[in-house]
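Written out below as structure tokens is the structure these notes cover.
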Amino acid sequence: MTYPIRPIDESEWPVYFPVLEEAFGWTPHPQQRERFKAETEFDRTLAAFDGDVIVGTTAVLSLTMTVPGGRLPVAGVTSVSVLPSHRRRGILSALMRRQLADIRERGESVAALYASETVIYGRYGYGRASHELSFHINKAGSAFVKNAPADPSLRIRVATPADVRPDLERVFASVATRRPGRYDRQPHAWDAVLADEEFDQRGNGPLRSVLAEDDGGVRGYALFRIKGGWEANGLPAGELKLQELEATDPAAYALLWRNVLDRDLVAKIEAGSRPVDDPLIALIADQRQLRAGWADDLWVRVVEVDKALAARAYSAPVDVVIEVEDDVCPWNAGRWRLTADPTGAECKQVEDEPDVTLPVAALGSAYLGDGLLVESLEAGLLREHSSGSVRALATAMSWNPKPWCGLVF
Ligand SMILES: CC(=O)SCCNC(=O)CCNC(=O)[C@H](O)C(C)(C)COP(=O)(O)OP(=O)(O)OC[C@H]1O[C@@H](n2cnc3c(N)ncnc32)[C@H](O)[C@@H]1OP(=O)(O)O
């Protein structure tokens with residue numbers, strides 16, 4: 001049985017969005033529903049139909065994302081759902097194939113997504129490309145190293161987040177270009193970051209902010225909520241849930257963390273999504289106190305091998321023939337010579353003998369600089385024909401700072 005696929009127009013939203021709600025078992029707040037609609041690029045949606053009923057959905061957000069050495073238009077894949085009545089009939093597979101062809105036609109060479117479950121997207125050529133740490137910190141164990149940076153010209157200002165939105169946007173825009181995986185936030189994304197429905201829904205208190213600033217302006221911010229509480233013996237047991245902390249320089253970063261960690265009547269600090277190389281790890285004197293959890297962040301799909309590989313920068317010289325396996329985007333299958341050094345890169349289709357054979361998902365994993373090719377090699381998942389070629393490729397593709405997105409789309 002086939003299920004015709006096409007984009008929807010805005011008038012079909014009332015029968016499109018409920019498919020997502022049903023598939024995710026999700027009841028969004030009315031404002032959340034409105035924001036979802038506002039960010040939807042209707043010409044980049046796809047719906048699968050059973051007769052005239054929508055049974056599957058997906059959409060793309062047109063993102064500008066930082067990649068090693070620059071910024072790229074990236075297809076941000078989102079809103080993937082198939083009705084429980086129609087699951088496991090190949091509807092997702094049909095949507096993914098069509099979507100990747102559309103992305104290519106539009107000229108984007110890279111797609112990225114957040115996966116609801118890690119087992120779903122590898123079969124479509126997406127690779128786990130960045131990771132996040134979540135910290136659970138007891139305030140009592142949060143002292144900094146003695147030489148933590150301090151700038152006497154900096155001060156903390158308490159502010160209502162909505163009142164200082166232009167400052168938050170300015171700080172974020174300046175840090176987003178520094179780390180692969182971060183993307184330009186459009187106004188609707190800021191609406192979501194600053195949304196306060198969670199206040200009603202989870203009892204975590206309203207969104208609060210502190211700014212680090214000097215006479216020249218704002219150099220960083222933290223966004224968080226506080227769930228107050230007391231132990232039976234009267235000791236304060238408040239929990240601070242950090243949503244974001246961004247700063248333009250190390251002194252502002254350290255001051256903001258200190259402010260968040262030292263909050264009166266708070267005993268525990270939870271920071272849900274942080275980069276794997278968060279400078280906080282170096283600032284905390286007793287790192288075990290961070291009690292970190294680890295999870296995948298972005299998944300990346302190289303949609304056009306030559307364009308994507310030539311569009312990013314490399315940390316070290318490399319000259320390697322890569323044989324790419326890709327049965328979902330057959331235009332990628334074949335041998336590609338990547339010649340790159342820190343000044344530039346070229347990637348051309350060739351007939352030469354390959355140095356390495358790898359699934360396209362492995363290129364997606366390496367694309368943002370997380371260095372995962374070595375992990376795959378050691379796990380026996382890549383076929384290396386010339387000894388040392390994978391390590392050379394992995395070294396060239398690795399990047400500092402490590403990739404991290406930090407905001408689900
Ligand atoms: C970027 C995002 O939006 S992430 C959000 C993804 N959506 C969700 O998690 C919502 C809840 N889940 C769903 O809506 C559906 O189960 C989907 C979209 C994940 C899968 O849709 P389906 O139409 O059932 O997938 P489809 O039939 O095309 O499956 C293709 C293959 O993937 C496998 N697969 C699909 N989903 C899963 C899963 N959740 N876990 C394990 N395997 C899966 C199928 O078994 C099948 O394997 P096969 O090719 O070896 O037979």
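In the structure tokens, the first chain shown is A, the next is B, and so on; residue numbers restart at 1 for each chain, and ligands run from 1 in the order shown.
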message = Could you go through segment 96-328 of chain A and tell me which residues DSSP, when run on the backbone, assigns to helix (DSSP H, G or I), listing them as a ChimeraX atom specification?
response = /A:96-106,122-124,139-141,161-176,187-193,197-202,250-261,280-283,287-290,305-311
Proximity of chain A to ligand 1: per-residue shortest pair, 10 Å limit, only C-alpha atoms and all ligand atoms, as CSV:
```
residue,atom,partner,partner_atom_place_in_ligand_line,distance
A:Val19,CA,ligand 1,14 (O),8.5
A:Leu20,CA,ligand 1,10 (C),7.1
A:Glu21,CA,ligand 1,10 (C),8.8
A:Glu22,CA,ligand 1,11 (C),8.4
A:Ala23,CA,ligand 1,11 (C),4.7
A:Phe24,CA,ligand 1,10 (C),4.7
A:Gly25,CA,ligand 1,11 (C),8.0
A:Trp26,CA,ligand 1,10 (C),9.7
A:Ala48,CA,ligand 1,23 (O),9.8
A:Val55,CA,ligand 1,23 (O),9.0
A:Gly56,CA,ligand 1,23 (O),7.3
A:Thr57,CA,ligand 1,18 (C),8.2
A:Thr58,CA,ligand 1,3 (O),7.0
A:Ala59,CA,ligand 1,3 (O),8.3
A:Val60,CA,ligand 1,1 (C),9.3
A:Gly76,CA,ligand 1,1 (C),8.3
A:Val77,CA,ligand 1,1 (C),5.4
A:Thr78,CA,ligand 1,3 (O),4.0
A:Ser79,CA,ligand 1,3 (O),4.2
A:Val80,CA,ligand 1,3 (O),3.8
A:Ser81,CA,ligand 1,14 (O),3.5
A:Val82,CA,ligand 1,14 (O),3.9
A:Leu83,CA,ligand 1,14 (O),6.0
A:Pro84,CA,ligand 1,14 (O),7.0
A:Ser85,CA,ligand 1,24 (O),9.3
A:His86,CA,ligand 1,23 (O),6.6
A:Arg87,CA,ligand 1,24 (O),3.4
A:Arg88,CA,ligand 1,27 (O),3.0
A:Arg89,CA,ligand 1,27 (O),4.1
A:Gly90,CA,ligand 1,28 (O),3.2
A:Ile91,CA,ligand 1,23 (O),3.9
A:Leu92,CA,ligand 1,28 (O),3.6
A:Ser93,CA,ligand 1,28 (O),3.9
A:Ala94,CA,ligand 1,28 (O),6.6
A:Leu95,CA,ligand 1,28 (O),7.9
A:Met96,CA,ligand 1,28 (O),8.4
A:Ala112,CA,ligand 1,1 (C),8.4
A:Leu113,CA,ligand 1,1 (C),5.0
A:Tyr114,CA,ligand 1,1 (C),5.1
A:Ala115,CA,ligand 1,4 (S),4.2
A:Ser116,CA,ligand 1,4 (S),4.3
A:Glu117,CA,ligand 1,39 (N),6.1
A:Thr118,CA,ligand 1,40 (N),8.0
A:Val119,CA,ligand 1,41 (C),5.4
A:Ile120,CA,ligand 1,37 (C),5.0
A:Tyr121,CA,ligand 1,32 (O),8.0
A:Gly122,CA,ligand 1,32 (O),9.3
A:Arg123,CA,ligand 1,32 (O),7.3
A:Tyr124,CA,ligand 1,32 (O),9.1
A:Leu298,CA,ligand 1,1 (C),9.8
A:Trp299,CA,ligand 1,1 (C),9.0
A:Val408,CA,ligand 1,1 (C),9.4
A:Phe409,CA,ligand 1,1 (C),8.0
```
Would you put the residues from that selection into a file with C-alpha atoms, as a PDB file, in the first residue's frame?
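Here's the written file out.pdb:
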```
ATOM      1  CA  VAL A  19      -1.000  13.673  14.100  1.00  0.00           C
ATOM      2  CA  LEU A  20       2.107  14.858  15.971  1.00  0.00           C
ATOM      3  CA  GLU A  21       0.180  15.200  19.213  1.00  0.00           C
ATOM      4  CA  GLU A  22      -1.155  11.662  18.892  1.00  0.00           C
ATOM      5  CA  ALA A  23       2.148  10.066  17.868  1.00  0.00           C
ATOM      6  CA  PHE A  24       4.073  11.774  20.676  1.00  0.00           C
ATOM      7  CA  GLY A  25       1.284  11.295  23.234  1.00  0.00           C
ATOM      8  CA  TRP A  26       1.698  15.009  23.817  1.00  0.00           C
ATOM      9  CA  ALA A  48       1.661  11.229   4.127  1.00  0.00           C
ATOM     10  CA  VAL A  55      -1.188   9.715   8.829  1.00  0.00           C
ATOM     11  CA  GLY A  56       2.449  10.881   8.804  1.00  0.00           C
ATOM     12  CA  THR A  57       4.267  14.207   9.109  1.00  0.00           C
ATOM     13  CA  THR A  58       7.660  15.835   8.935  1.00  0.00           C
ATOM     14  CA  ALA A  59       9.034  19.326   8.347  1.00  0.00           C
ATOM     15  CA  VAL A  60      12.278  21.195   7.810  1.00  0.00           C
ATOM     16  CA  GLY A  76      16.754  21.198  10.496  1.00  0.00           C
ATOM     17  CA  VAL A  77      14.530  18.116  10.334  1.00  0.00           C
ATOM     18  CA  THR A  78      11.672  18.137  12.829  1.00  0.00           C
ATOM     19  CA  SER A  79       8.033  17.142  13.495  1.00  0.00           C
ATOM     20  CA  VAL A  80       8.486  13.497  12.468  1.00  0.00           C
ATOM     21  CA  SER A  81       5.428  11.439  13.365  1.00  0.00           C
ATOM     22  CA  VAL A  82       3.348   8.528  12.139  1.00  0.00           C
ATOM     23  CA  LEU A  83      -0.077   7.731  13.567  1.00  0.00           C
ATOM     24  CA  PRO A  84      -0.111   4.668  15.868  1.00  0.00           C
ATOM     25  CA  SER A  85      -2.675   3.097  13.508  1.00  0.00           C
ATOM     26  CA  HIS A  86      -0.168   3.233  10.608  1.00  0.00           C
ATOM     27  CA  ARG A  87       3.210   2.543  12.229  1.00  0.00           C
ATOM     28  CA  ARG A  88       5.713   0.052  10.780  1.00  0.00           C
ATOM     29  CA  ARG A  89       4.345   0.175   7.252  1.00  0.00           C
ATOM     30  CA  GLY A  90       7.261   2.127   5.838  1.00  0.00           C
ATOM     31  CA  ILE A  91       5.689   5.603   6.063  1.00  0.00           C
ATOM     32  CA  LEU A  92       8.644   7.138   7.912  1.00  0.00           C
ATOM     33  CA  SER A  93      11.038   5.612   5.380  1.00  0.00           C
ATOM     34  CA  ALA A  94       9.051   7.098   2.488  1.00  0.00           C
ATOM     35  CA  LEU A  95       8.950  10.513   4.201  1.00  0.00           C
ATOM     36  CA  MET A  96      12.700  10.455   4.887  1.00  0.00           C
ATOM     37  CA  ALA A 112      20.505  17.753  11.194  1.00  0.00           C
ATOM     38  CA  LEU A 113      17.960  16.650  13.759  1.00  0.00           C
ATOM     39  CA  TYR A 114      17.296  15.764  17.365  1.00  0.00           C
ATOM     40  CA  ALA A 115      16.233  12.127  17.619  1.00  0.00           C
ATOM     41  CA  SER A 116      13.390  11.128  19.949  1.00  0.00           C
ATOM     42  CA  GLU A 117      14.970   7.650  20.027  1.00  0.00           C
ATOM     43  CA  THR A 118      18.541   6.854  19.060  1.00  0.00           C
ATOM     44  CA  VAL A 119      17.654   3.753  17.031  1.00  0.00           C
ATOM     45  CA  ILE A 120      15.523   5.537  14.429  1.00  0.00           C
ATOM     46  CA  TYR A 121      17.727   7.631  12.128  1.00  0.00           C
ATOM     47  CA  GLY A 122      20.910   5.639  11.449  1.00  0.00           C
ATOM     48  CA  ARG A 123      19.111   3.694   8.718  1.00  0.00           C
ATOM     49  CA  TYR A 124      18.536   6.963   6.853  1.00  0.00           C
ATOM     50  CA  LEU A 298      22.555  16.473  17.223  1.00  0.00           C
ATOM     51  CA  TRP A 299      22.364  13.834  14.501  1.00  0.00           C
ATOM     52  CA  VAL A 408      16.037  21.125  20.544  1.00  0.00           C
ATOM     53  CA  PHE A 409      14.289  22.044  17.286  1.00  0.00           C
TER      54      PHE A 409
END
```
request  = Would you mind listing what lies within 8 Å of segment 304-321 of chain A as a PyMOL selection string, with only C-alpha atoms counted and same-chain residues fewer than 5 positions away left out?
outcome  = chain A and resi 67-70+72+104+109-110+331-332+335-349+352-356+367+389+392-393+395-399
Using C-alpha atoms, can you export the residues from the last selection as a short mmCIF file (atom, residue, chain, number, x, y, z; two decimals), in the first residue's frame?
```
data_model
loop_
_atom_site.label_atom_id
_atom_site.label_comp_id
_atom_site.auth_asym_id
_atom_site.auth_seq_id
_atom_site.Cartn_x
_atom_site.Cartn_y
_atom_site.Cartn_z
CA VAL A 67 30.25 24.16 11.32
CA PRO A 68 34.03 23.87 11.73
CA GLY A 69 35.46 27.08 10.31
CA GLY A 70 32.22 28.72 9.15
CA LEU A 72 26.18 26.79 6.56
CA ARG A 104 19.26 18.23 -2.03
CA SER A 109 24.30 19.73 1.64
CA VAL A 110 23.75 18.90 5.34
CA TRP A 331 24.18 10.11 -5.61
CA ASN A 332 26.63 9.93 -2.67
CA ARG A 335 34.68 7.16 -4.19
CA TRP A 336 35.57 10.68 -3.15
CA ARG A 337 39.02 12.18 -2.79
CA LEU A 338 39.16 14.68 0.07
CA THR A 339 42.20 16.94 -0.04
CA ALA A 340 42.20 19.43 2.79
CA ASP A 341 44.38 21.44 5.10
CA PRO A 342 43.67 24.31 7.49
CA THR A 343 43.54 26.77 4.55
CA GLY A 344 40.90 25.00 2.44
CA ALA A 345 39.33 21.78 1.17
CA GLU A 346 38.41 20.09 -2.08
CA CYS A 347 36.32 16.96 -2.56
CA LYS A 348 36.03 15.27 -5.97
CA GLN A 349 34.55 12.01 -7.26
CA ASP A 352 41.04 5.55 -7.39
CA GLU A 353 41.43 2.70 -4.91
CA PRO A 354 39.85 3.72 -1.59
CA ASP A 355 41.79 4.25 1.64
CA VAL A 356 38.66 3.62 3.68
CA TYR A 367 31.06 16.31 10.31
CA SER A 389 43.99 6.71 6.92
CA ALA A 392 44.37 10.97 9.61
CA LEU A 393 40.80 11.73 8.50
CA THR A 395 42.32 14.17 13.17
CA ALA A 396 41.61 16.50 10.26
CA MET A 397 37.85 16.47 10.97
CA SER A 398 38.16 16.94 14.75
CA TRP A 399 37.47 20.41 16.04
#
```
Could you produce a table of the residues of segment 97-208 of chain A lying within 7 Å of segment 219-237 of chain A, with the nearest pair of atoms per residue and their separation in Å rounded to one decimal, using only C-alpha atoms, ordered by chain and increasing residue number, as CSV?
```
residue,atom,partner,partner_atom,distance
A:Leu168,CA,A:Tyr221,CA,6.7
A:Val171,CA,A:Gly220,CA,6.1
A:Gly203,CA,A:Lys227,CA,6.9
A:Asn204,CA,A:Lys227,CA,4.7
A:Gly205,CA,A:Ile226,CA,5.5
A:Pro206,CA,A:Arg225,CA,5.9
A:Leu207,CA,A:Arg225,CA,5.1
A:Arg208,CA,A:Phe224,CA,5.4
```
Would you mind exporting the chosen residues as a PDB file, in the first residue's frame, restricted to C-alpha atoms?
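Below is the file out_32.pdb, written as the result:
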```pdb
ATOM      1  CA  LEU A 168      20.177  37.927  25.590  1.00  0.00           C
ATOM      2  CA  VAL A 171      25.134  37.656  23.700  1.00  0.00           C
ATOM      3  CA  GLY A 203       5.809  23.793  39.410  1.00  0.00           C
ATOM      4  CA  ASN A 204       9.353  24.941  38.720  1.00  0.00           C
ATOM      5  CA  GLY A 205       8.691  28.634  39.255  1.00  0.00           C
ATOM      6  CA  PRO A 206       8.879  31.379  36.643  1.00  0.00           C
ATOM      7  CA  LEU A 207      11.801  31.809  34.271  1.00  0.00           C
ATOM      8  CA  ARG A 208      14.392  34.059  35.913  1.00  0.00           C
TER       9      ARG A 208
END
```
key: Interatomic distance, atom CA of Asp184 of chain A to atom CA of Thr45 of chain A (Å, one decimal)   =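 These atoms are spaced 20.4 Å apart.
One distance worth recording is that between atom CA of Thr160 of chain A and atom CA of Ala176 of chain A, which is 22.5 Å.
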Any chance you could list, as a short mmCIF file (atom, residue, chain, number, x, y, z; two decimals) with N, CA and C atoms, in the first residue's frame, the residues in segment 158-402 of chain A that come up strand (DSSP E) when DSSP is run on the backbone?
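part_38.cif, freshly written:
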```cif
data_model
loop_
_atom_site.label_atom_id
_atom_site.label_comp_id
_atom_site.auth_asym_id
_atom_site.auth_seq_id
_atom_site.Cartn_x
_atom_site.Cartn_y
_atom_site.Cartn_z
N VAL A 158 19.97 41.35 38.34
CA VAL A 158 18.79 40.48 38.29
C VAL A 158 17.78 41.14 37.36
N ALA A 159 17.20 40.37 36.42
CA ALA A 159 16.26 40.98 35.46
C ALA A 159 15.19 39.98 35.08
N ARG A 208 13.67 32.92 35.33
CA ARG A 208 14.39 34.06 35.91
C ARG A 208 15.68 34.26 35.14
N SER A 209 16.27 35.45 35.29
CA SER A 209 17.58 35.63 34.65
C SER A 209 18.49 36.50 35.49
N VAL A 210 19.77 36.25 35.34
CA VAL A 210 20.79 37.18 35.84
C VAL A 210 21.71 37.50 34.67
N LEU A 211 22.19 38.74 34.65
CA LEU A 211 23.11 39.19 33.61
C LEU A 211 24.45 39.50 34.25
N ALA A 212 25.53 39.25 33.52
CA ALA A 212 26.84 39.73 33.93
C ALA A 212 27.16 40.91 33.01
N GLU A 213 27.46 42.05 33.61
CA GLU A 213 27.68 43.24 32.77
C GLU A 213 28.76 44.13 33.38
N ASP A 214 29.30 44.99 32.54
CA ASP A 214 30.19 46.05 33.02
C ASP A 214 29.70 47.35 32.39
N GLY A 217 28.49 47.13 28.79
CA GLY A 217 27.31 46.37 28.37
C GLY A 217 27.29 44.96 28.94
N VAL A 218 26.32 44.17 28.44
CA VAL A 218 26.09 42.82 28.96
C VAL A 218 27.08 41.84 28.33
N ARG A 219 27.73 41.02 29.16
CA ARG A 219 28.73 40.05 28.68
C ARG A 219 28.29 38.61 28.88
N GLY A 220 27.10 38.41 29.46
CA GLY A 220 26.63 37.04 29.61
C GLY A 220 25.32 37.00 30.38
N TYR A 221 24.67 35.85 30.32
CA TYR A 221 23.39 35.69 31.03
C TYR A 221 23.19 34.26 31.47
N ALA A 222 22.36 34.09 32.48
CA ALA A 222 21.88 32.75 32.86
C ALA A 222 20.37 32.81 32.94
N LEU A 223 19.72 31.77 32.41
CA LEU A 223 18.26 31.62 32.49
C LEU A 223 17.98 30.38 33.32
N PHE A 224 17.08 30.50 34.28
CA PHE A 224 16.85 29.36 35.18
C PHE A 224 15.51 29.48 35.87
N ARG A 225 15.12 28.40 36.52
CA ARG A 225 13.92 28.39 37.36
C ARG A 225 14.32 27.87 38.74
N ILE A 226 13.52 28.20 39.74
CA ILE A 226 13.83 27.69 41.08
C ILE A 226 12.59 27.01 41.66
N LYS A 227 12.81 25.78 42.09
CA LYS A 227 11.73 25.07 42.78
C LYS A 227 12.09 25.12 44.26
N GLY A 238 15.98 24.00 48.18
CA GLY A 238 15.57 24.49 46.86
C GLY A 238 16.40 23.86 45.75
N GLU A 239 15.78 23.77 44.57
CA GLU A 239 16.50 23.25 43.40
C GLU A 239 16.50 24.31 42.31
N LEU A 240 17.68 24.55 41.76
CA LEU A 240 17.79 25.51 40.65
C LEU A 240 17.97 24.71 39.36
N LYS A 241 17.07 24.98 38.41
CA LYS A 241 17.14 24.27 37.12
C LYS A 241 17.65 25.26 36.07
N LEU A 242 18.89 25.06 35.70
CA LEU A 242 19.51 25.97 34.74
C LEU A 242 19.03 25.64 33.33
N GLN A 243 18.54 26.65 32.63
CA GLN A 243 18.09 26.44 31.25
C GLN A 243 19.19 26.81 30.27
N GLU A 244 19.83 27.95 30.50
CA GLU A 244 20.92 28.39 29.60
C GLU A 244 21.89 29.22 30.39
N LEU A 245 23.16 29.14 30.01
CA LEU A 245 24.16 30.06 30.55
C LEU A 245 25.15 30.31 29.43
N GLU A 246 25.23 31.56 29.01
CA GLU A 246 26.10 31.93 27.89
C GLU A 246 26.89 33.16 28.28
N ALA A 247 28.14 33.21 27.88
CA ALA A 247 28.95 34.40 28.17
C ALA A 247 29.97 34.59 27.07
N VAL A 266 19.09 27.42 47.95
CA VAL A 266 19.15 26.36 46.94
C VAL A 266 20.20 25.34 47.40
N ALA A 267 19.82 24.05 47.35
CA ALA A 267 20.78 23.00 47.75
C ALA A 267 21.34 22.25 46.54
N LYS A 268 20.55 22.18 45.45
CA LYS A 268 20.97 21.41 44.27
C LYS A 268 20.80 22.24 43.01
N ILE A 269 21.72 22.04 42.09
CA ILE A 269 21.66 22.74 40.81
C ILE A 269 21.62 21.68 39.72
N GLU A 270 20.62 21.77 38.85
CA GLU A 270 20.55 20.85 37.71
C GLU A 270 20.73 21.64 36.43
N ALA A 271 21.71 21.24 35.64
CA ALA A 271 21.97 21.91 34.36
C ALA A 271 21.78 20.86 33.28
N GLY A 272 20.65 20.94 32.58
CA GLY A 272 20.19 19.83 31.74
C GLY A 272 20.97 19.54 30.49
N SER A 273 21.44 20.53 29.77
CA SER A 273 22.15 20.26 28.51
C SER A 273 23.35 21.17 28.44
N ARG A 274 24.52 20.59 28.60
CA ARG A 274 25.76 21.37 28.56
C ARG A 274 26.72 20.71 27.58
N PRO A 275 27.66 21.50 27.02
CA PRO A 275 28.65 20.89 26.11
C PRO A 275 29.57 19.93 26.84
N GLY A 293 25.57 13.22 33.57
CA GLY A 293 24.96 12.22 32.68
C GLY A 293 25.35 12.60 31.25
N TRP A 294 25.30 11.63 30.35
CA TRP A 294 25.78 11.82 28.98
C TRP A 294 24.69 11.40 28.00
N ALA A 295 24.50 12.17 26.94
CA ALA A 295 23.48 11.78 25.95
C ALA A 295 23.85 12.36 24.59
N ASP A 296 23.19 11.81 23.55
CA ASP A 296 23.39 12.36 22.21
C ASP A 296 22.69 13.71 22.12
N TRP A 299 22.06 14.86 15.51
CA TRP A 299 22.36 13.83 14.50
C TRP A 299 22.51 14.56 13.16
N VAL A 300 23.55 14.19 12.42
CA VAL A 300 23.82 14.91 11.17
C VAL A 300 23.81 13.93 10.00
N ARG A 301 23.26 14.41 8.87
CA ARG A 301 23.20 13.64 7.63
C ARG A 301 23.93 14.44 6.54
N VAL A 302 24.96 13.85 5.97
CA VAL A 302 25.61 14.47 4.84
C VAL A 302 24.75 14.17 3.61
N VAL A 318 45.02 16.54 5.16
CA VAL A 318 44.59 15.16 4.89
C VAL A 318 44.40 15.00 3.38
N ASP A 319 44.75 13.82 2.89
CA ASP A 319 44.52 13.48 1.48
C ASP A 319 44.10 12.03 1.47
N VAL A 320 42.81 11.78 1.27
CA VAL A 320 42.30 10.43 1.49
C VAL A 320 41.18 10.14 0.48
N VAL A 321 41.14 8.89 -0.01
CA VAL A 321 40.03 8.48 -0.88
C VAL A 321 39.03 7.70 -0.02
N ILE A 322 37.82 8.26 0.04
CA ILE A 322 36.78 7.67 0.89
C ILE A 322 35.75 6.99 -0.02
N GLU A 323 35.51 5.72 0.23
CA GLU A 323 34.43 5.04 -0.49
C GLU A 323 33.19 5.11 0.39
N VAL A 324 32.17 5.80 -0.12
CA VAL A 324 30.97 6.05 0.69
C VAL A 324 29.87 5.07 0.30
N GLU A 325 29.26 4.46 1.31
CA GLU A 325 28.08 3.59 1.09
C GLU A 325 26.84 4.38 1.45
N GLY A 334 29.98 5.98 -3.84
CA GLY A 334 31.13 6.02 -4.75
C GLY A 334 32.37 6.48 -4.00
N ARG A 335 33.39 6.80 -4.78
CA ARG A 335 34.68 7.16 -4.19
C ARG A 335 34.94 8.65 -4.31
N TRP A 336 35.37 9.23 -3.23
CA TRP A 336 35.57 10.68 -3.15
C TRP A 336 36.97 10.95 -2.60
N ARG A 337 37.70 11.80 -3.31
CA ARG A 337 39.02 12.18 -2.79
C ARG A 337 38.87 13.50 -2.04
N LEU A 338 39.18 13.46 -0.75
CA LEU A 338 39.16 14.68 0.07
C LEU A 338 40.60 15.14 0.26
N THR A 339 40.88 16.34 -0.22
CA THR A 339 42.20 16.94 -0.04
C THR A 339 41.97 18.22 0.74
N ALA A 340 42.50 18.28 1.94
CA ALA A 340 42.20 19.43 2.79
C ALA A 340 43.38 19.75 3.69
N ASP A 341 43.46 21.02 4.04
CA ASP A 341 44.38 21.44 5.10
C ASP A 341 43.72 22.65 5.76
N GLY A 344 41.99 25.25 3.38
CA GLY A 344 40.90 25.00 2.44
C GLY A 344 40.72 23.52 2.16
N ALA A 345 39.64 23.20 1.43
CA ALA A 345 39.33 21.78 1.17
C ALA A 345 38.73 21.62 -0.21
N GLU A 346 39.00 20.44 -0.79
CA GLU A 346 38.41 20.09 -2.08
C GLU A 346 37.95 18.64 -1.98
N CYS A 347 36.80 18.34 -2.58
CA CYS A 347 36.32 16.96 -2.56
C CYS A 347 35.78 16.62 -3.95
N LYS A 348 36.38 15.59 -4.59
CA LYS A 348 36.03 15.27 -5.97
C LYS A 348 35.76 13.77 -6.11
N GLN A 349 34.81 13.43 -7.00
CA GLN A 349 34.55 12.01 -7.26
C GLN A 349 35.72 11.44 -8.07
N VAL A 350 36.19 10.24 -7.71
CA VAL A 350 37.35 9.62 -8.38
C VAL A 350 37.09 8.13 -8.59
N VAL A 356 39.61 4.06 2.65
CA VAL A 356 38.66 3.62 3.68
C VAL A 356 37.28 3.50 3.05
N THR A 357 36.50 2.52 3.53
CA THR A 357 35.10 2.38 3.11
C THR A 357 34.24 2.64 4.33
N LEU A 358 33.30 3.55 4.19
CA LEU A 358 32.46 3.81 5.37
C LEU A 358 31.03 4.17 4.98
N PRO A 359 30.09 3.86 5.87
CA PRO A 359 28.70 4.27 5.62
C PRO A 359 28.59 5.78 5.75
N ARG A 383 35.89 -0.02 7.34
CA ARG A 383 36.88 -0.85 6.65
C ARG A 383 38.03 0.03 6.17
N GLU A 384 39.14 -0.07 6.87
CA GLU A 384 40.30 0.74 6.52
C GLU A 384 41.20 -0.08 5.60
#
```
key: Distance of atom CA of Asn138 of chain A from atom CA of Asp370 of chain A, expressed in Å to one decimal place   =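 Atom CA of Asp370 of chain A sits 29.2 Å away from atom CA of Asn138 of chain A.
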request  = Go through A:Met65, A:Ala38, A:Ala379, A:Ala148 one by one, measure the shortest atom-to-atom distance of each to Ala192 of chain A using only C-alpha atoms, and give the residue with the smallest value.
outcome  =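 Closest candidate: A:Ala38.
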Selection near Asp262 of chain A, 9 Å with only C-alpha atoms, sequence-local residues under 4 positions removed, as a PyMOL selection string = chain A and resi 139+142+257-258+266
Nearest to Val193 of chain A by atom-to-atom distance, counting only C-alpha atoms, from A:Gly388, A:Gly141, A:Gly406, A:Gly216 = A:Gly406
message = Please list as an MDAnalysis selection string every residue within 10 Å of Val374 of chain A, counting only C-alpha atoms and excluding residues in the same chain fewer than 6 positions away.
response = chainID A and resid 366 380:382 390:395
inquiry  = Using only C-alpha atoms, which protein or nucleic acid residues come within 7 Å of Pro403 of chain A? Drop anything in the same chain fewer than 5 positions from it, and give the result as an NGL selection string.
reply    = :A and (130 or 179-181 or 368-370)
task = Give the answer as one residue: which of A:Ser387, A:Thr2, A:Gln31, A:Asp286 has the shortest atom-to-atom distance to Lys146 of chain A, using only C-alpha atoms?
result =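 Of all the options, A:Asp286 lies closest to Lys146 of chain A.
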